[in-house]
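**Student:** Got a structure for you, written out below as structure tokens; questions coming shortly.
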Amino acid sequence: MPNLFILTLQLVVVLAVCRVVGWLFQKFRQPKVVGEMFAGIMLGPSLLGWVAPHLSAYLFPASSLGFLNALSQVGVVVFMFLVGLGINPGELKRQGHAAVLTSHVSITAPFVLAAFLALYLYPRLSDDSVAFTSFALFMGAAMSITAFPVLARILAERDMLGSRLGTVAIACAAVDDVTGWCILAYIVVLIRSAHSHTSIWITSGGILGFGLAMIHGVRRLLRGFERAYRKKGALSENLMALMLLLVLASSLFTEYLGIHLLFGAFLMGAIMPKEHKFVRYVLDRFETITVTLLLPLFFAFTGLRTNIAAVKGPEMWMYCGLIILVATVGKLGGSTLASWLSGMPLREAAGLGTLMNTRGLMELVILNIGLDIGVISPALFSMMVMMALVTTFMTSPVLNLLCPKQAPGSAADKAGAERVVSSPGGLHEGEGAAA
Amino acid sequence: MSSTNRNFIIAYILLVGLPLAGLAGVLRNGRNLTAPISIDGVWKVEVRASRPATQPCDKVVSSLLTSSLVVSQSGKSLELTLNGASKTTVPGELDASNIKASLETTSGCANDQPVTVMASVEKTEPKTLTGSLSVANCASCAPVEFRAVRQPRNPGGGAH
């Protein structure tokens, strides 16, 4: 049984710290999510546990972390559904060759560079229970991911969602995320099958069958939600509950198949109807409680697992620097080069590269899976969390340099504001988009 | 085929195809790499004191590790949590199959040396650790020997 007093106290502390730090970061023109990620780390052994170990042990006793994790995972399941819902890979088709090339290079460049880095890091930061292939593929997937929601939020704040840069960035990020999650699913299956009696082929067949059934069967049924919404302009409580049940059922199924709960939630979101108003409506219903209550718990839980003290000595810090450098060169450099070669002006191409380098919460989700399945070590987890923070943190200032924000009240600004509300991602300037 | 399409195909091969070929090479070469032996996880401990704990120093050392040892591993860098009378976490190093860690604690010995944890891993399944806790150059403090067996890991993967 959870100690309800401690659990409630944890909720109070986590929410308060996340709100305050998120607000402070917003004052410095950073997305709130960066502040919340930072707040999570502040609550963990890296700061609170170091400065006030007794208070930390009282607030976050080891026996309570299971409950905190369970609550935060519910939040991440719903969040992944919302990420899938906001993603529309069909956008890529409308952008032509340039976007296809940029999108694919923005995955392969960081992926391949990460695999090269894995040659160096594997003997130093891993152990022989992890196969090199799993290690290298995980590093590649973790470095090639883009935080679609943070990216959409930054674009919305800058009224760039309707611009060429914005639309290409959104389309590329959608493809990156779908690809990244597919690769991650493969790695999870690979690792879990080593500990399971079920053959990898049976697991893979089950996943393929499930994916096909979802895309070609369930997807059609889901159109009923959109039809109901169009009729009444809203969904009844029963329909919302049914939608949530389907998300949970899909999550359970992917967990049962040997991949993670989150894949099912993401897939259910991805196959939902993509009509703008419907997407916005569903996001509005689910976002508030998820983003304000449950995701801060995930940040706190991630922070409790992140121990910057595990990165000790100049050698370890050099590894950390290398990880940040490779992640940035691969993602920012690769995307910039590809979009520039596709005909985009250099400044705009660099802006796109900067946006694609945003990793945010998506990176934390992937890293937590990696730590859970044992493919990365605690020190490497901490280094990768720092990489996620640095690459997300640098996006806004670098973008300010490359693509200065338009003056408020300008014609472009007004047009942009209208586009923000009806954008495919639907991530307008509100609380929910912060994640 | 239009020149735009041709340029696209060339750029695609150069920027996507070639790196993917490189990735295949990296994955093939990486299979020959060796990483440090895996010792992370929970180890069930059996302590064998060489004599009854009579000296203050003996009592300190023998109370450090009584039930289990938790190892958190990042390559050769370790963090050992000794579950004894209280929980003590100590950083350590892995050299091939030997573990070494030093714990700055007041052992009661005149020379005020740290308590040293030394152990070696046997690569049997389940893995076993054989080692001792001792205070260097302290005649009044007898080493406490221990043997530990790694507990099965969860099916989700490692117990990092």
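For the structure tokens, the naming scheme is as follows: chains receive sequential letters (A, B, ...) according to their order of presentation, residues are indexed from 1 within each chain, and ligands are indexed from 1 in presentation order.
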Can you list every residue of chain A that has an atom at most 8 Å from chain B, with its nearest atom pair and the distance in Å to one decimal, using only C-alpha atoms, ordered by chain then number, as a Markdown table?
**Tutor:**
| residue | atom | partner | partner_atom | distance |
| --- | --- | --- | --- | --- |
| A:His97 | CA | B:Phe8 | CA | 7.0 |
| A:Leu101 | CA | B:Tyr12 | CA | 6.4 |
| A:His104 | CA | B:Val16 | CA | 6.8 |
| A:Val105 | CA | B:Val16 | CA | 5.8 |
| A:Thr108 | CA | B:Val16 | CA | 6.2 |
| A:Ala109 | CA | B:Pro19 | CA | 7.1 |
| A:Val112 | CA | B:Leu23 | CA | 5.5 |
| A:Ala115 | CA | B:Val26 | CA | 6.7 |
| A:Phe116 | CA | B:Val26 | CA | 6.5 |
| A:Leu119 | CA | B:Gly30 | CA | 6.0 |
| A:Tyr122 | CA | B:Ala35 | CA | 6.3 |
| A:Pro123 | CA | B:Ala35 | CA | 4.2 |
| A:Arg124 | CA | B:Gly75 | CA | 5.1 |
| A:Leu125 | CA | B:Gly75 | CA | 3.9 |
| A:Ser126 | CA | B:Gly75 | CA | 4.6 |
| A:Asp127 | CA | B:Ala35 | CA | 4.7 |
| A:Asp128 | CA | B:Ala35 | CA | 5.0 |
| A:Ser129 | CA | B:Ser38 | CA | 5.7 |
| A:Ala131 | CA | B:Arg31 | CA | 7.7 |
| A:Phe132 | CA | B:Arg31 | CA | 5.9 |
| A:Thr133 | CA | B:Leu27 | CA | 5.9 |
| A:Ala136 | CA | B:Leu27 | CA | 7.4 |
| A:Ile191 | CA | B:Gly157 | CA | 6.7 |
| A:Arg192 | CA | B:Gly156 | CA | 5.9 |
| A:His195 | CA | B:Pro155 | CA | 5.5 |
| A:Ser196 | CA | B:Pro155 | CA | 7.0 |
| A:Ala338 | CA | B:Leu15 | CA | 7.7 |
| A:Leu371 | CA | B:His160 | CA | 7.0 |
| A:Asp372 | CA | B:Gly156 | CA | 6.9 |
| A:Ile373 | CA | B:Gly157 | CA | 4.1 |
| A:Gly374 | CA | B:Gly158 | CA | 4.0 |
| A:Val375 | CA | B:Gly158 | CA | 7.3 |
| A:Ile376 | CA | B:His160 | CA | 7.9 |
| A:Ser377 | CA | B:Ser74 | CA | 4.9 |
| A:Pro378 | CA | B:Ser74 | CA | 6.1 |
| A:Ala379 | CA | B:Ser74 | CA | 5.7 |
| A:Leu380 | CA | B:Ser74 | CA | 7.2 |
**Student:** Excluding same-chain residues fewer than 6 positions from A:Thr179, what lies within 10 Å of it counting only C-alpha atoms, as a ChimeraX atom specification?
**Tutor:** /A:104,107,141,144-145,173,185
**Student:** What's the 12 Å shell around stretch 347-349 of chain A, counting only C-alpha atoms, without same-chain residues fewer than 4 positions away, as an NGL selection string?
**Tutor:** :A and (98-99 or 102 or 106 or 160 or 163-166 or 168-169 or 332-343 or 353-356 or 398-404)
**Student:** Given the selection you just returned, output its residues as a file containing N, CA and C atoms, formatted as an mmCIF file, in the first residue's frame.
**Tutor:**
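Okay, again-v2.cif is ready:
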data_model
loop_
_atom_site.group_PDB
_atom_site.id
_atom_site.type_symbol
_atom_site.label_atom_id
_atom_site.label_comp_id
_atom_site.auth_asym_id
_atom_site.auth_seq_id
_atom_site.Cartn_x
_atom_site.Cartn_y
_atom_site.Cartn_z
ATOM 1 N N ALA A 98 12.354 17.912 -51.256
ATOM 2 C CA ALA A 98 13.239 18.585 -50.294
ATOM 3 C C ALA A 98 12.982 18.077 -48.888
ATOM 4 N N ALA A 99 11.701 17.976 -48.537
ATOM 5 C CA ALA A 99 11.366 17.546 -47.174
ATOM 6 C C ALA A 99 11.699 16.072 -46.963
ATOM 7 N N THR A 102 15.470 15.940 -46.466
ATOM 8 C CA THR A 102 15.826 16.518 -45.163
ATOM 9 C C THR A 102 15.420 15.580 -44.036
ATOM 10 N N SER A 106 18.019 13.811 -41.632
ATOM 11 C CA SER A 106 17.983 14.194 -40.214
ATOM 12 C C SER A 106 17.857 12.966 -39.306
ATOM 13 N N MET A 160 5.485 30.620 -36.787
ATOM 14 C CA MET A 160 6.171 30.075 -37.952
ATOM 15 C C MET A 160 5.541 28.775 -38.444
ATOM 16 N N SER A 163 4.799 28.859 -42.083
ATOM 17 C CA SER A 163 5.902 29.199 -42.989
ATOM 18 C C SER A 163 6.474 27.931 -43.624
ATOM 19 N N ARG A 164 7.304 28.121 -44.672
ATOM 20 C CA ARG A 164 7.924 26.953 -45.303
ATOM 21 C C ARG A 164 8.779 26.207 -44.284
ATOM 22 N N LEU A 165 9.563 26.988 -43.517
ATOM 23 C CA LEU A 165 10.417 26.379 -42.502
ATOM 24 C C LEU A 165 9.582 25.567 -41.507
ATOM 25 N N GLY A 166 8.468 26.166 -41.084
ATOM 26 C CA GLY A 166 7.614 25.507 -40.092
ATOM 27 C C GLY A 166 6.993 24.220 -40.615
ATOM 28 N N VAL A 168 7.947 22.330 -43.150
ATOM 29 C CA VAL A 168 8.954 21.288 -43.398
ATOM 30 C C VAL A 168 9.414 20.698 -42.056
ATOM 31 N N ALA A 169 9.629 21.563 -41.065
ATOM 32 C CA ALA A 169 10.100 21.085 -39.757
ATOM 33 C C ALA A 169 9.086 20.127 -39.130
ATOM 34 N N LEU A 332 21.643 18.736 -36.104
ATOM 35 C CA LEU A 332 21.622 20.105 -36.625
ATOM 36 C C LEU A 332 22.375 20.183 -37.957
ATOM 37 N N GLY A 333 23.581 19.604 -37.953
ATOM 38 C CA GLY A 333 24.401 19.654 -39.161
ATOM 39 C C GLY A 333 23.770 18.894 -40.314
ATOM 40 N N GLY A 334 23.299 17.682 -40.033
ATOM 41 C CA GLY A 334 22.711 16.849 -41.092
ATOM 42 C C GLY A 334 21.479 17.497 -41.705
ATOM 43 N N SER A 335 20.602 17.999 -40.849
ATOM 44 C CA SER A 335 19.357 18.619 -41.353
ATOM 45 C C SER A 335 19.682 19.887 -42.132
ATOM 46 N N THR A 336 20.630 20.675 -41.615
ATOM 47 C CA THR A 336 21.003 21.926 -42.294
ATOM 48 C C THR A 336 21.562 21.618 -43.679
ATOM 49 N N LEU A 337 22.475 20.671 -43.728
ATOM 50 C CA LEU A 337 23.119 20.335 -45.006
ATOM 51 C C LEU A 337 22.084 19.854 -46.036
ATOM 52 N N ALA A 338 21.212 18.944 -45.579
ATOM 53 C CA ALA A 338 20.241 18.372 -46.517
ATOM 54 C C ALA A 338 19.273 19.438 -47.026
ATOM 55 N N SER A 339 18.785 20.289 -46.148
ATOM 56 C CA SER A 339 17.807 21.294 -46.589
ATOM 57 C C SER A 339 18.486 22.366 -47.447
ATOM 58 N N TRP A 340 19.751 22.665 -47.140
ATOM 59 C CA TRP A 340 20.496 23.630 -47.960
ATOM 60 C C TRP A 340 20.731 23.053 -49.366
ATOM 61 N N LEU A 341 21.105 21.787 -49.416
ATOM 62 C CA LEU A 341 21.304 21.140 -50.720
ATOM 63 C C LEU A 341 19.987 21.039 -51.499
ATOM 64 N N SER A 342 18.876 21.021 -50.749
ATOM 65 C CA SER A 342 17.563 20.934 -51.413
ATOM 66 C C SER A 342 17.078 22.286 -51.910
ATOM 67 N N GLY A 343 17.867 23.318 -51.664
ATOM 68 C CA GLY A 343 17.513 24.633 -52.212
ATOM 69 C C GLY A 343 17.067 25.658 -51.196
ATOM 70 N N GLY A 353 17.626 23.070 -39.074
ATOM 71 C CA GLY A 353 18.519 22.167 -38.350
ATOM 72 C C GLY A 353 18.425 22.377 -36.851
ATOM 73 N N THR A 354 18.345 23.640 -36.451
ATOM 74 C CA THR A 354 18.246 23.963 -35.020
ATOM 75 C C THR A 354 16.955 23.403 -34.437
ATOM 76 N N LEU A 355 15.871 23.565 -35.189
ATOM 77 C CA LEU A 355 14.581 23.046 -34.710
ATOM 78 C C LEU A 355 14.614 21.521 -34.579
ATOM 79 N N MET A 356 15.220 20.876 -35.567
ATOM 80 C CA MET A 356 15.264 19.408 -35.545
ATOM 81 C C MET A 356 16.123 18.889 -34.395
ATOM 82 N N VAL A 398 19.459 30.003 -30.334
ATOM 83 C CA VAL A 398 20.074 29.886 -31.671
ATOM 84 C C VAL A 398 19.069 30.310 -32.739
ATOM 85 N N LEU A 399 17.813 29.930 -32.529
ATOM 86 C CA LEU A 399 16.778 30.308 -33.495
ATOM 87 C C LEU A 399 16.578 31.825 -33.508
ATOM 88 N N ASN A 400 16.710 32.451 -32.344
ATOM 89 C CA ASN A 400 16.603 33.909 -32.268
ATOM 90 C C ASN A 400 17.663 34.574 -33.131
ATOM 91 N N LEU A 401 18.845 33.971 -33.142
ATOM 92 C CA LEU A 401 19.933 34.524 -33.944
ATOM 93 C C LEU A 401 19.684 34.323 -35.433
ATOM 94 N N LEU A 402 19.201 33.138 -35.761
ATOM 95 C CA LEU A 402 19.051 32.787 -37.180
ATOM 96 C C LEU A 402 17.778 33.352 -37.796
ATOM 97 N N CYS A 403 16.681 33.247 -37.066
ATOM 98 C CA CYS A 403 15.385 33.705 -37.586
ATOM 99 C C CYS A 403 14.744 34.614 -36.541
ATOM 100 N N PRO A 404 15.134 35.886 -36.484
ATOM 101 C CA PRO A 404 14.569 36.781 -35.464
ATOM 102 C C PRO A 404 13.042 36.809 -35.535
#
**Student:** Taking the DSSP secondary structure from the backbone, can you list the residues of chain B that are strand (DSSP E or B), as a ChimeraX atom specification?
**Tutor:** /B:41-49,68-74,77-83,87-95,98-103,115-122,128-135,144-150
**Student:** Using only C-alpha atoms, which protein or nucleic acid residues come within 12 Å of A:Leu245? Drop anything in the same chain fewer than 6 positions from it, and give the result as a PyMOL selection string.
**Tutor:** chain A and resi 77-78+81+238-239+251-252+264-265+268
**Student:** Would you save the residues from that selection as a short mmCIF file (atom, residue, chain, number, x, y, z; two decimals), in the first residue's frame, using N, CA and C atoms?
**Tutor:**
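Wrote it out as selection_1.cif, contents follow:
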data_model
loop_
_atom_site.label_atom_id
_atom_site.label_comp_id
_atom_site.auth_asym_id
_atom_site.auth_seq_id
_atom_site.Cartn_x
_atom_site.Cartn_y
_atom_site.Cartn_z
N VAL A 77 1.80 7.48 -20.99
CA VAL A 77 0.95 6.72 -21.94
C VAL A 77 -0.02 7.68 -22.63
N VAL A 78 -0.68 8.53 -21.85
CA VAL A 78 -1.63 9.47 -22.46
C VAL A 78 -0.87 10.48 -23.33
N PHE A 81 -0.01 9.05 -26.63
CA PHE A 81 -1.21 9.03 -27.47
C PHE A 81 -1.39 10.42 -28.11
N ASN A 238 -19.09 9.05 -22.79
CA ASN A 238 -18.93 7.64 -23.12
C ASN A 238 -17.91 7.43 -24.24
N LEU A 239 -17.99 8.32 -25.24
CA LEU A 239 -17.05 8.20 -26.37
C LEU A 239 -15.62 8.52 -25.92
N SER A 251 -2.12 -0.21 -25.64
CA SER A 251 -0.89 -0.21 -24.82
C SER A 251 -0.65 -1.59 -24.22
N LEU A 252 -1.73 -2.15 -23.68
CA LEU A 252 -1.61 -3.49 -23.07
C LEU A 252 -1.15 -4.51 -24.09
N GLY A 264 1.98 1.18 -28.08
CA GLY A 264 0.55 1.02 -28.35
C GLY A 264 -0.18 2.34 -28.28
N ALA A 265 0.18 3.14 -27.26
CA ALA A 265 -0.46 4.44 -27.09
C ALA A 265 -0.13 5.35 -28.27
N MET A 268 -1.96 4.17 -31.44
CA MET A 268 -3.39 4.52 -31.42
C MET A 268 -3.58 6.00 -31.76
#
**Student:** Which distance in Å separates atom CA of A:Val282 and atom CA of A:Cys182, to one decimal?
**Tutor:**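 Straight-line distance from atom CA of A:Val282 to atom CA of A:Cys182 works out to 24.6 Å.
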**Student:** Pick out the closest residue to B:Cys138 from this set: B:Cys57, B:Ala101, B:Val117, B:Ile10. Count only C-alpha atoms.
**Tutor:**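 Nearest to B:Cys138: B:Cys57.
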**Student:** Can you list, as a VMD selection string, every protein, DNA or RNA residue that comes within 12 Å of A:Cys320 when you count only C-alpha atoms, leaving out same-chain residues fewer than 4 positions away?
**Tutor:** chain A and resid 117 121 125 308 310 to 316 324 to 327 379 to 388 390
**Student:** Go through stretch 86-306 of chain A and collect every residue that DSSP, computed from the backbone, puts in alpha helix (DSSP H); the answer should be as a PyMOL selection string.
**Tutor:** chain A and resi 86+90-125+132-144+148-157+164-194+200-213+219-232+237-257+261-270+276-289+295-305
**Student:** Which residue, A:Thr146, A:Thr167, A:Ser134, A:Thr198, has the smallest gap to A:Thr358 when you use only C-alpha atoms?
**Tutor:**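 Closest to A:Thr358 of all the choices is A:Thr146.
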